[in-house]
$ cat run_39.txt   # compact mmCIF, C-alpha atoms and all ligand atoms
# COMPACT_ATOMS: atom_id res chain seq x y z
CA MET I 1 85.82 85.02 89.41
CA THR I 2 85.86 88.40 91.05
CA ARG I 3 83.57 91.41 90.80
CA MET I 4 85.60 94.43 91.68
CA ILE I 5 85.37 98.23 91.65
CA ILE I 6 88.27 100.66 91.63
CA ILE I 7 87.62 104.16 92.97
CA GLY I 8 90.03 107.06 93.02
CA ALA I 9 90.12 110.77 92.28
CA PRO I 10 90.85 111.99 88.76
CA GLY I 11 94.61 111.63 88.33
CA SER I 12 94.88 108.88 90.94
CA GLY I 13 95.95 106.50 88.19
CA LYS I 14 92.92 104.29 88.57
CA GLY I 15 92.52 103.68 84.83
CA THR I 16 96.08 102.42 84.53
CA GLN I 17 95.88 100.35 87.69
CA ALA I 18 92.54 98.94 86.57
CA GLU I 19 94.19 97.45 83.48
CA TYR I 20 96.93 95.73 85.50
CA LEU I 21 94.67 94.57 88.32
CA ALA I 22 92.11 93.17 85.91
CA ALA I 23 94.81 91.28 84.00
CA HIS I 24 96.18 89.87 87.25
CA PHE I 25 92.78 88.67 88.46
CA GLY I 26 91.70 87.37 85.03
CA ILE I 27 88.77 89.74 84.58
CA LEU I 28 87.97 92.54 82.15
CA PRO I 29 88.16 96.23 83.08
CA VAL I 30 85.01 98.22 82.31
CA SER I 31 85.74 101.96 82.31
CA THR I 32 82.82 104.35 81.97
CA GLY I 33 85.21 107.14 80.93
CA GLU I 34 86.55 104.90 78.13
CA LEU I 35 83.06 103.81 77.12
CA PHE I 36 81.96 107.44 76.88
CA ARG I 37 85.09 108.41 74.94
CA SER I 38 84.50 105.62 72.44
CA HIS I 39 80.90 106.80 71.96
CA VAL I 40 82.25 110.31 71.34
CA ARG I 41 84.80 108.99 68.80
CA GLU I 42 82.19 106.93 67.01
CA LEU I 43 79.80 109.89 66.90
CA THR I 44 76.91 108.01 68.48
CA GLU I 45 73.87 109.80 69.85
CA LEU I 46 74.99 108.95 73.37
CA GLY I 47 78.44 110.33 72.56
CA ALA I 48 76.98 113.61 71.40
CA GLU I 49 74.93 113.95 74.58
CA ALA I 50 77.76 112.90 76.90
CA ARG I 51 80.42 115.10 75.36
CA ALA I 52 78.98 118.40 76.53
CA PHE I 53 79.14 117.20 80.15
CA MET I 54 82.57 115.61 79.85
CA ASP I 55 84.16 118.71 78.37
CA LYS I 56 83.01 120.74 81.37
CA GLY I 57 84.13 118.13 83.90
CA GLU I 58 80.52 117.51 84.91
CA LEU I 59 79.05 114.07 85.43
CA VAL I 60 77.06 112.67 82.54
CA PRO I 61 73.43 112.33 83.72
CA ASP I 62 72.71 109.12 85.62
CA ARG I 63 70.04 107.85 83.27
CA LEU I 64 72.55 107.76 80.40
CA THR I 65 75.38 106.38 82.50
CA ASP I 66 73.32 103.70 84.27
CA ALA I 67 71.84 102.50 80.97
CA MET I 68 75.27 102.31 79.34
CA VAL I 69 76.68 100.29 82.25
CA ALA I 70 73.66 97.96 82.34
CA ARG I 71 74.12 97.27 78.64
CA ARG I 72 77.84 96.57 79.05
CA LEU I 73 77.36 94.30 82.06
CA ALA I 74 74.84 92.25 80.09
CA ASP I 75 77.65 91.09 77.76
CA ASP I 76 78.87 87.54 78.05
CA ASP I 77 82.53 88.41 78.59
CA VAL I 78 81.80 90.00 81.98
CA ARG I 79 79.24 87.51 83.23
CA ASN I 80 81.62 85.95 85.71
CA GLY I 81 83.71 88.90 86.73
CA PHE I 82 84.68 92.48 85.97
CA LEU I 83 86.57 95.46 87.29
CA LEU I 84 84.46 98.60 87.15
CA ASP I 85 86.48 101.79 86.76
CA GLY I 86 84.69 105.13 87.07
CA TYR I 87 81.34 103.77 88.25
CA PRO I 88 79.48 104.26 90.53
CA ARG I 89 80.44 107.91 90.92
CA ASN I 90 77.55 109.03 93.12
CA VAL I 91 75.14 107.37 95.54
CA ALA I 92 72.29 107.23 93.01
CA GLN I 93 74.53 105.23 90.66
CA LEU I 94 75.48 103.02 93.59
CA ALA I 95 71.80 102.25 94.14
CA ALA I 96 71.34 101.55 90.43
CA LEU I 97 74.30 99.16 90.47
CA ASP I 98 72.95 97.39 93.56
CA ALA I 99 69.62 96.86 91.81
CA LEU I 100 71.30 95.69 88.62
CA LEU I 101 73.49 93.14 90.39
CA GLU I 102 70.68 91.95 92.60
CA GLY I 103 68.60 91.27 89.50
CA LYS I 104 71.41 89.06 88.23
CA GLY I 105 71.94 87.35 91.59
CA GLN I 106 75.47 88.73 91.73
CA ARG I 107 77.39 90.49 94.47
CA LEU I 108 80.42 92.72 94.68
CA ASP I 109 83.50 91.20 96.19
CA VAL I 110 85.78 94.16 96.80
CA VAL I 111 86.21 97.90 96.25
CA VAL I 112 89.76 99.22 95.81
CA GLN I 113 90.18 102.80 96.91
CA LEU I 114 93.27 104.39 95.40
CA ALA I 115 94.33 107.26 97.63
CA ALA I 116 96.58 110.14 96.55
CA GLU I 117 97.42 113.67 97.65
CA ASP I 118 95.62 116.55 95.89
CA GLU I 119 98.88 118.16 94.84
CA GLU I 120 100.06 114.95 93.15
CA LEU I 121 96.68 114.56 91.43
CA VAL I 122 96.80 118.01 89.87
CA GLN I 123 100.42 117.57 88.73
CA ARG I 124 99.64 114.23 87.10
CA LEU I 125 96.55 115.61 85.35
CA LEU I 126 98.39 118.61 83.97
CA LYS I 127 101.17 116.32 82.74
CA ARG I 128 98.60 114.07 81.04
CA ALA I 129 97.05 117.15 79.46
CA ARG I 130 100.40 118.06 77.89
CA GLU I 131 101.04 114.49 76.72
CA GLN I 132 97.62 113.32 75.55
CA GLY I 133 95.67 116.49 74.99
CA ARG I 134 92.45 115.17 76.47
CA SER I 135 89.88 117.91 76.01
CA ASP I 136 88.79 117.68 79.67
CA ASP I 137 92.30 118.09 81.10
CA THR I 138 92.39 121.90 81.39
CA ALA I 139 93.03 123.55 84.78
CA PRO I 140 89.45 124.76 85.56
CA VAL I 141 87.93 121.50 84.36
CA ILE I 142 90.41 119.52 86.45
CA ARG I 143 89.44 121.57 89.52
CA ARG I 144 85.78 120.85 88.87
CA ARG I 145 86.40 117.10 88.47
CA LEU I 146 88.30 117.02 91.77
CA GLU I 147 85.53 118.96 93.51
CA LEU I 148 82.88 116.57 92.17
CA TYR I 149 84.97 113.64 93.34
CA ARG I 150 84.95 114.97 96.90
CA GLU I 151 81.27 115.87 96.87
CA GLU I 152 79.74 112.99 94.94
CA THR I 153 82.14 110.06 94.98
CA GLN I 154 83.55 110.14 98.53
CA PRO I 155 80.08 109.26 99.87
CA VAL I 156 80.15 106.18 97.62
CA VAL I 157 83.41 105.11 99.26
CA SER I 158 81.84 105.67 102.70
CA ALA I 159 78.81 103.56 101.80
CA TYR I 160 80.96 100.66 100.61
CA SER I 161 83.18 101.07 103.70
CA GLU I 162 80.15 100.51 105.89
CA ARG I 163 79.65 97.21 104.08
CA GLY I 164 83.22 96.27 104.95
CA ILE I 165 84.36 95.69 101.37
CA VAL I 166 86.78 98.60 100.85
CA VAL I 167 90.52 98.02 100.59
CA GLU I 168 92.52 101.24 100.70
CA VAL I 169 95.69 101.35 98.65
CA ASP I 170 98.33 104.08 98.74
CA GLY I 171 98.37 105.47 95.19
CA GLY I 172 101.65 107.37 95.53
CA GLY I 173 104.89 106.42 93.84
CA ASP I 174 105.60 104.54 90.64
CA ARG I 175 103.20 102.42 88.64
CA GLU I 176 104.68 99.01 89.43
CA ALA I 177 104.87 99.65 93.17
CA ILE I 178 101.23 100.71 93.27
CA THR I 179 100.13 97.66 91.27
CA GLU I 180 102.07 95.36 93.62
CA ARG I 181 100.52 96.98 96.70
CA ALA I 182 97.04 96.74 95.22
CA ILE I 183 97.41 93.09 94.21
CA ALA I 184 98.72 92.19 97.66
CA ALA I 185 95.97 94.10 99.46
CA VAL I 186 93.13 92.69 97.35
CA GLY I 187 94.59 89.18 97.49
CA SER I 188 94.76 89.19 101.25
CA PHE I 189 91.28 90.72 101.59
CA LEU I 190 89.73 88.10 99.30
CA GLY I 191 91.69 85.38 101.09
CA THR I 192 90.24 86.33 104.46
CA ARG I 193 86.72 86.24 103.08
CA GLN I 194 86.86 82.72 101.67
P1 LIG N 1 88.67 111.01 85.40
O1 LIG N 1 88.67 109.93 86.43
O2 LIG N 1 90.05 111.54 85.11
O3 LIG N 1 87.65 112.08 85.63
P2 LIG N 1 87.23 109.30 83.54
O4 LIG N 1 87.82 108.74 82.28
O5 LIG N 1 86.89 108.34 84.62
O6 LIG N 1 88.30 110.37 84.00
O7 LIG N 1 85.92 110.16 83.19
C1 LIG N 1 85.92 111.19 82.25
C2 LIG N 1 84.55 111.87 82.22
O8 LIG N 1 83.55 110.93 81.81
C3 LIG N 1 84.05 112.39 83.57
O9 LIG N 1 84.56 113.66 83.87
C4 LIG N 1 82.54 112.41 83.34
O10 LIG N 1 82.12 113.51 82.56
C5 LIG N 1 82.32 111.16 82.50
N1 LIG N 1 82.02 110.00 83.37
C6 LIG N 1 82.79 108.89 83.55
N2 LIG N 1 82.20 108.03 84.40
C7 LIG N 1 81.03 108.61 84.78
C8 LIG N 1 79.99 108.24 85.65
N3 LIG N 1 80.01 107.08 86.35
N4 LIG N 1 78.93 109.08 85.79
C9 LIG N 1 78.87 110.23 85.11
N5 LIG N 1 79.84 110.65 84.29
C10 LIG N 1 80.91 109.86 84.12

$ encode --input "run_39.txt" --output "structure tokens"
Amino acid sequence: MTRMIIIGAPGSGKGTQAEYLAAHFGILPVSTGELFRSHVRELTELGAEARAFMDKGELVPDRLTDAMVARRLADDDVRNGFLLDGYPRNVAQLAALDALLEGKGQRLDVVVQLAAEDEELVQRLLKRAREQGRSDDTAPVIRRRLELYREETQPVVSAYSERGIVVEVDGGGDREAITERAIAAVGSFLGTRQ
């Protein structure tokens, strides 16, 4: 069983790829964006708190996010493997995840970094806005999410790179091609580690 993270800028397609990668490797995807959106839909207290941040493209405060992830990773269905999508998004969350996994005696196997050009990211996000009408897919909010990715999340990628567990995958092109590249890259990385 594999413990995996997928990291990519907003619009990189990481949510979609997470679904396919998780299915291929027989693990469940855990998306913090999806978890937050379901709290918002179900009108929970956490949803009400998170929504104000999400609608502005800001990160939901770490104490809420870390607690939500800890609760989800305590479930039985992810005891032996998971694919985290959207977490950790800053170095404080990375430290929280390290502590959480250490407490369980678990370790991360691989981090998939999905790389894409800024121009392609913005185009994809605006297209998604037209199709799905997500309330955080407006132009200024998209810009803010991209900025936060560069400032807060790139350092997470660097930290995992230093541990030698990052596999970079070209996120350009069509969905199937990206999935195939990612599966091949992760498969060969995991193969060399065994
Ligand atoms: P995207 O990758 O397109 O920004 P997500 O679905 O991953 O979309 O996240 C949507 C929003 O949910 C983020 O803009 C942020 O407000 C919130 N969010 C998701 N994951 C986190 C996280 N790890 N920490 C803080 N906020 C988060």

$ residues_around --input "run_39.txt" --residues "Leu97 (chain I)" --least-positions-apart "4" --cutoff "8 Å" --atoms "only C-alpha atoms" --output "list of chain:residue names"
I:Asp66, I:Pro88, I:Gln93, I:Leu101

$ closest_residue --input "run_39.txt" --among "I:Ile183, I:Leu114, I:Val167, I:Leu146" --to "Ser12 (chain I)" --atoms "all atoms listed in the file"
I:Leu114

$ residues_near_ligand --input "run_39.txt" --ligand "ligand LIG 1 (chain N)" --cutoff "9 Å" --atoms "all atoms listed in the file" --output "ChimeraX atom specification"
/I:7-15,31-37,50-62,64-66,69,85-90,93,125,136-137,141-142,144-146,148-149

$ write_last_selection --input "run_39.txt" --atoms "C-alpha atoms" --output "short mmCIF file (atom, residue, chain, number, x, y, z; two decimals), keeping the file's coordinate frame"
data_model
loop_
_atom_site.label_atom_id
_atom_site.label_comp_id
_atom_site.auth_asym_id
_atom_site.auth_seq_id
_atom_site.Cartn_x
_atom_site.Cartn_y
_atom_site.Cartn_z
CA ILE I 7 87.62 104.16 92.97
CA GLY I 8 90.03 107.06 93.02
CA ALA I 9 90.12 110.77 92.28
CA PRO I 10 90.85 111.99 88.76
CA GLY I 11 94.61 111.63 88.33
CA SER I 12 94.88 108.88 90.94
CA GLY I 13 95.95 106.50 88.19
CA LYS I 14 92.92 104.29 88.57
CA GLY I 15 92.52 103.68 84.83
CA SER I 31 85.74 101.96 82.31
CA THR I 32 82.82 104.35 81.97
CA GLY I 33 85.21 107.14 80.93
CA GLU I 34 86.55 104.90 78.13
CA LEU I 35 83.06 103.81 77.12
CA PHE I 36 81.96 107.44 76.88
CA ARG I 37 85.09 108.41 74.94
CA ALA I 50 77.76 112.90 76.90
CA ARG I 51 80.42 115.10 75.36
CA ALA I 52 78.98 118.40 76.53
CA PHE I 53 79.14 117.20 80.15
CA MET I 54 82.57 115.61 79.85
CA ASP I 55 84.16 118.71 78.37
CA LYS I 56 83.01 120.74 81.37
CA GLY I 57 84.13 118.13 83.90
CA GLU I 58 80.52 117.51 84.91
CA LEU I 59 79.05 114.07 85.43
CA VAL I 60 77.06 112.67 82.54
CA PRO I 61 73.43 112.33 83.72
CA ASP I 62 72.71 109.12 85.62
CA LEU I 64 72.55 107.76 80.40
CA THR I 65 75.38 106.38 82.50
CA ASP I 66 73.32 103.70 84.27
CA VAL I 69 76.68 100.29 82.25
CA ASP I 85 86.48 101.79 86.76
CA GLY I 86 84.69 105.13 87.07
CA TYR I 87 81.34 103.77 88.25
CA PRO I 88 79.48 104.26 90.53
CA ARG I 89 80.44 107.91 90.92
CA ASN I 90 77.55 109.03 93.12
CA GLN I 93 74.53 105.23 90.66
CA LEU I 125 96.55 115.61 85.35
CA ASP I 136 88.79 117.68 79.67
CA ASP I 137 92.30 118.09 81.10
CA VAL I 141 87.93 121.50 84.36
CA ILE I 142 90.41 119.52 86.45
CA ARG I 144 85.78 120.85 88.87
CA ARG I 145 86.40 117.10 88.47
CA LEU I 146 88.30 117.02 91.77
CA LEU I 148 82.88 116.57 92.17
CA TYR I 149 84.97 113.64 93.34
#

$ residues_near_point --input "run_39.txt" --point "(78.5, 93.6, 92.3)" --cutoff "10 Å" --atoms "all atoms listed in the file" --output "ChimeraX atom specification"
/I:2-5,81-84,94,97-102,104-111

$ closest_residue --input "run_39.txt" --among "I:Val166, I:Ala18, I:Val156, I:Ala177" --to "Ala95 (chain I)" --atoms "all atoms listed in the file"
I:Val156

$ residues_around --input "run_39.txt" --residues "Ile178 (chain I)" --least-positions-apart "4" --cutoff "10 Å" --atoms "all atoms listed in the file" --output "PyMOL selection string"
chain I and resi 13+17+114+169-174+182-184

$ closest_residue --input "run_39.txt" --among "I:Glu168, I:Asp75, I:Gly191, I:Val30" --to "Ala116 (chain I)" --atoms "all atoms listed in the file"
I:Glu168

$ atom_distance --input "run_39.txt" --atom1 "CA of Leu73 (chain I)" --atom2 "CA of Pro29 (chain I)"
11.0 Å

$ atom_distance --input "run_39.txt" --atom1 "CA of Arg181 (chain I)" --atom2 "CA of Tyr20 (chain I)"
11.8 Å

$ closest_residue --input "run_39.txt" --among "I:Phe25, I:Thr16, I:Val78, I:Ala129" --to "Val186 (chain I)" --atoms "all atoms listed in the file"
I:Phe25

$ atom_distance --input "run_39.txt" --atom1 "CA of Met1 (chain I)" --atom2 "CA of Ile27 (chain I)"
7.4 Å

$ build_atoms --input "run_39.txt" --residues "region 118-145 of chain I" --atoms "N, CA and C atoms" --output "PDB file, keeping the file's coordinate frame"
ATOM      1  N   ASP I 118      96.150 115.601  96.881  1.00  0.00           N
ATOM      2  CA  ASP I 118      95.620 116.550  95.890  1.00  0.00           C
ATOM      3  C   ASP I 118      96.692 117.126  94.980  1.00  0.00           C
ATOM      4  N   GLU I 119      97.815 117.520  95.607  1.00  0.00           N
ATOM      5  CA  GLU I 119      98.880 118.160  94.840  1.00  0.00           C
ATOM      6  C   GLU I 119      99.401 117.212  93.749  1.00  0.00           C
ATOM      7  N   GLU I 120      99.583 115.937  94.116  1.00  0.00           N
ATOM      8  CA  GLU I 120     100.060 114.950  93.150  1.00  0.00           C
ATOM      9  C   GLU I 120      99.025 114.730  92.042  1.00  0.00           C
ATOM     10  N   LEU I 121      97.754 114.756  92.412  1.00  0.00           N
ATOM     11  CA  LEU I 121      96.680 114.560  91.430  1.00  0.00           C
ATOM     12  C   LEU I 121      96.730 115.639  90.356  1.00  0.00           C
ATOM     13  N   VAL I 122      96.809 116.897  90.818  1.00  0.00           N
ATOM     14  CA  VAL I 122      96.800 118.010  89.870  1.00  0.00           C
ATOM     15  C   VAL I 122      98.024 117.944  88.950  1.00  0.00           C
ATOM     16  N   GLN I 123      99.197 117.656  89.546  1.00  0.00           N
ATOM     17  CA  GLN I 123     100.420 117.570  88.730  1.00  0.00           C
ATOM     18  C   GLN I 123     100.292 116.486  87.660  1.00  0.00           C
ATOM     19  N   ARG I 124      99.771 115.328  88.062  1.00  0.00           N
ATOM     20  CA  ARG I 124      99.640 114.230  87.100  1.00  0.00           C
ATOM     21  C   ARG I 124      98.657 114.583  85.977  1.00  0.00           C
ATOM     22  N   LEU I 125      97.554 115.268  86.358  1.00  0.00           N
ATOM     23  CA  LEU I 125      96.550 115.610  85.350  1.00  0.00           C
ATOM     24  C   LEU I 125      97.076 116.631  84.358  1.00  0.00           C
ATOM     25  N   LEU I 126      97.845 117.607  84.876  1.00  0.00           N
ATOM     26  CA  LEU I 126      98.390 118.610  83.970  1.00  0.00           C
ATOM     27  C   LEU I 126      99.435 117.980  83.038  1.00  0.00           C
ATOM     28  N   LYS I 127     100.192 117.019  83.562  1.00  0.00           N
ATOM     29  CA  LYS I 127     101.170 116.320  82.740  1.00  0.00           C
ATOM     30  C   LYS I 127     100.451 115.531  81.638  1.00  0.00           C
ATOM     31  N   ARG I 128      99.374 114.841  82.025  1.00  0.00           N
ATOM     32  CA  ARG I 128      98.600 114.070  81.040  1.00  0.00           C
ATOM     33  C   ARG I 128      98.019 114.992  79.973  1.00  0.00           C
ATOM     34  N   ALA I 129      97.612 116.185  80.409  1.00  0.00           N
ATOM     35  CA  ALA I 129      97.050 117.150  79.460  1.00  0.00           C
ATOM     36  C   ALA I 129      98.086 117.499  78.394  1.00  0.00           C
ATOM     37  N   ARG I 130      99.343 117.726  78.856  1.00  0.00           N
ATOM     38  CA  ARG I 130     100.400 118.060  77.890  1.00  0.00           C
ATOM     39  C   ARG I 130     100.678 116.887  76.962  1.00  0.00           C
ATOM     40  N   GLU I 131     100.652 115.663  77.511  1.00  0.00           N
ATOM     41  CA  GLU I 131     101.040 114.490  76.720  1.00  0.00           C
ATOM     42  C   GLU I 131      99.939 113.974  75.801  1.00  0.00           C
ATOM     43  N   GLN I 132      98.698 113.976  76.309  1.00  0.00           N
ATOM     44  CA  GLN I 132      97.620 113.320  75.550  1.00  0.00           C
ATOM     45  C   GLN I 132      96.611 114.289  74.969  1.00  0.00           C
ATOM     46  N   GLY I 133      96.606 115.504  75.492  1.00  0.00           N
ATOM     47  CA  GLY I 133      95.670 116.490  74.990  1.00  0.00           C
ATOM     48  C   GLY I 133      94.208 116.116  75.139  1.00  0.00           C
ATOM     49  N   ARG I 134      93.871 115.471  76.257  1.00  0.00           N
ATOM     50  CA  ARG I 134      92.450 115.170  76.470  1.00  0.00           C
ATOM     51  C   ARG I 134      91.698 116.466  76.663  1.00  0.00           C
ATOM     52  N   SER I 135      90.547 116.609  76.010  1.00  0.00           N
ATOM     53  CA  SER I 135      89.880 117.910  76.010  1.00  0.00           C
ATOM     54  C   SER I 135      89.351 118.299  77.387  1.00  0.00           C
ATOM     55  N   ASP I 136      89.271 117.330  78.327  1.00  0.00           N
ATOM     56  CA  ASP I 136      88.790 117.680  79.670  1.00  0.00           C
ATOM     57  C   ASP I 136      89.928 117.810  80.671  1.00  0.00           C
ATOM     58  N   ASP I 137      91.151 117.943  80.206  1.00  0.00           N
ATOM     59  CA  ASP I 137      92.300 118.090  81.100  1.00  0.00           C
ATOM     60  C   ASP I 137      92.814 119.533  81.191  1.00  0.00           C
ATOM     61  N   THR I 138      91.944 120.528  81.178  1.00  0.00           N
ATOM     62  CA  THR I 138      92.390 121.900  81.390  1.00  0.00           C
ATOM     63  C   THR I 138      92.235 122.248  82.879  1.00  0.00           C
ATOM     64  N   ALA I 139      92.989 123.267  83.337  1.00  0.00           N
ATOM     65  CA  ALA I 139      93.030 123.550  84.780  1.00  0.00           C
ATOM     66  C   ALA I 139      91.646 123.742  85.428  1.00  0.00           C
ATOM     67  N   PRO I 140      90.755 124.593  84.881  1.00  0.00           N
ATOM     68  CA  PRO I 140      89.450 124.760  85.560  1.00  0.00           C
ATOM     69  C   PRO I 140      88.607 123.494  85.540  1.00  0.00           C
ATOM     70  N   VAL I 141      88.714 122.740  84.453  1.00  0.00           N
ATOM     71  CA  VAL I 141      87.930 121.500  84.360  1.00  0.00           C
ATOM     72  C   VAL I 141      88.474 120.453  85.340  1.00  0.00           C
ATOM     73  N   ILE I 142      89.788 120.425  85.489  1.00  0.00           N
ATOM     74  CA  ILE I 142      90.410 119.520  86.450  1.00  0.00           C
ATOM     75  C   ILE I 142      89.930 119.840  87.865  1.00  0.00           C
ATOM     76  N   ARG I 143      89.912 121.162  88.182  1.00  0.00           N
ATOM     77  CA  ARG I 143      89.440 121.570  89.520  1.00  0.00           C
ATOM     78  C   ARG I 143      88.016 121.094  89.752  1.00  0.00           C
ATOM     79  N   ARG I 144      87.178 121.254  88.750  1.00  0.00           N
ATOM     80  CA  ARG I 144      85.780 120.850  88.870  1.00  0.00           C
ATOM     81  C   ARG I 144      85.656 119.332  89.065  1.00  0.00           C
ATOM     82  N   ARG I 145      86.471 118.563  88.333  1.00  0.00           N
ATOM     83  CA  ARG I 145      86.400 117.100  88.470  1.00  0.00           C
ATOM     84  C   ARG I 145      86.834 116.667  89.873  1.00  0.00           C
TER      85      ARG I 145
END
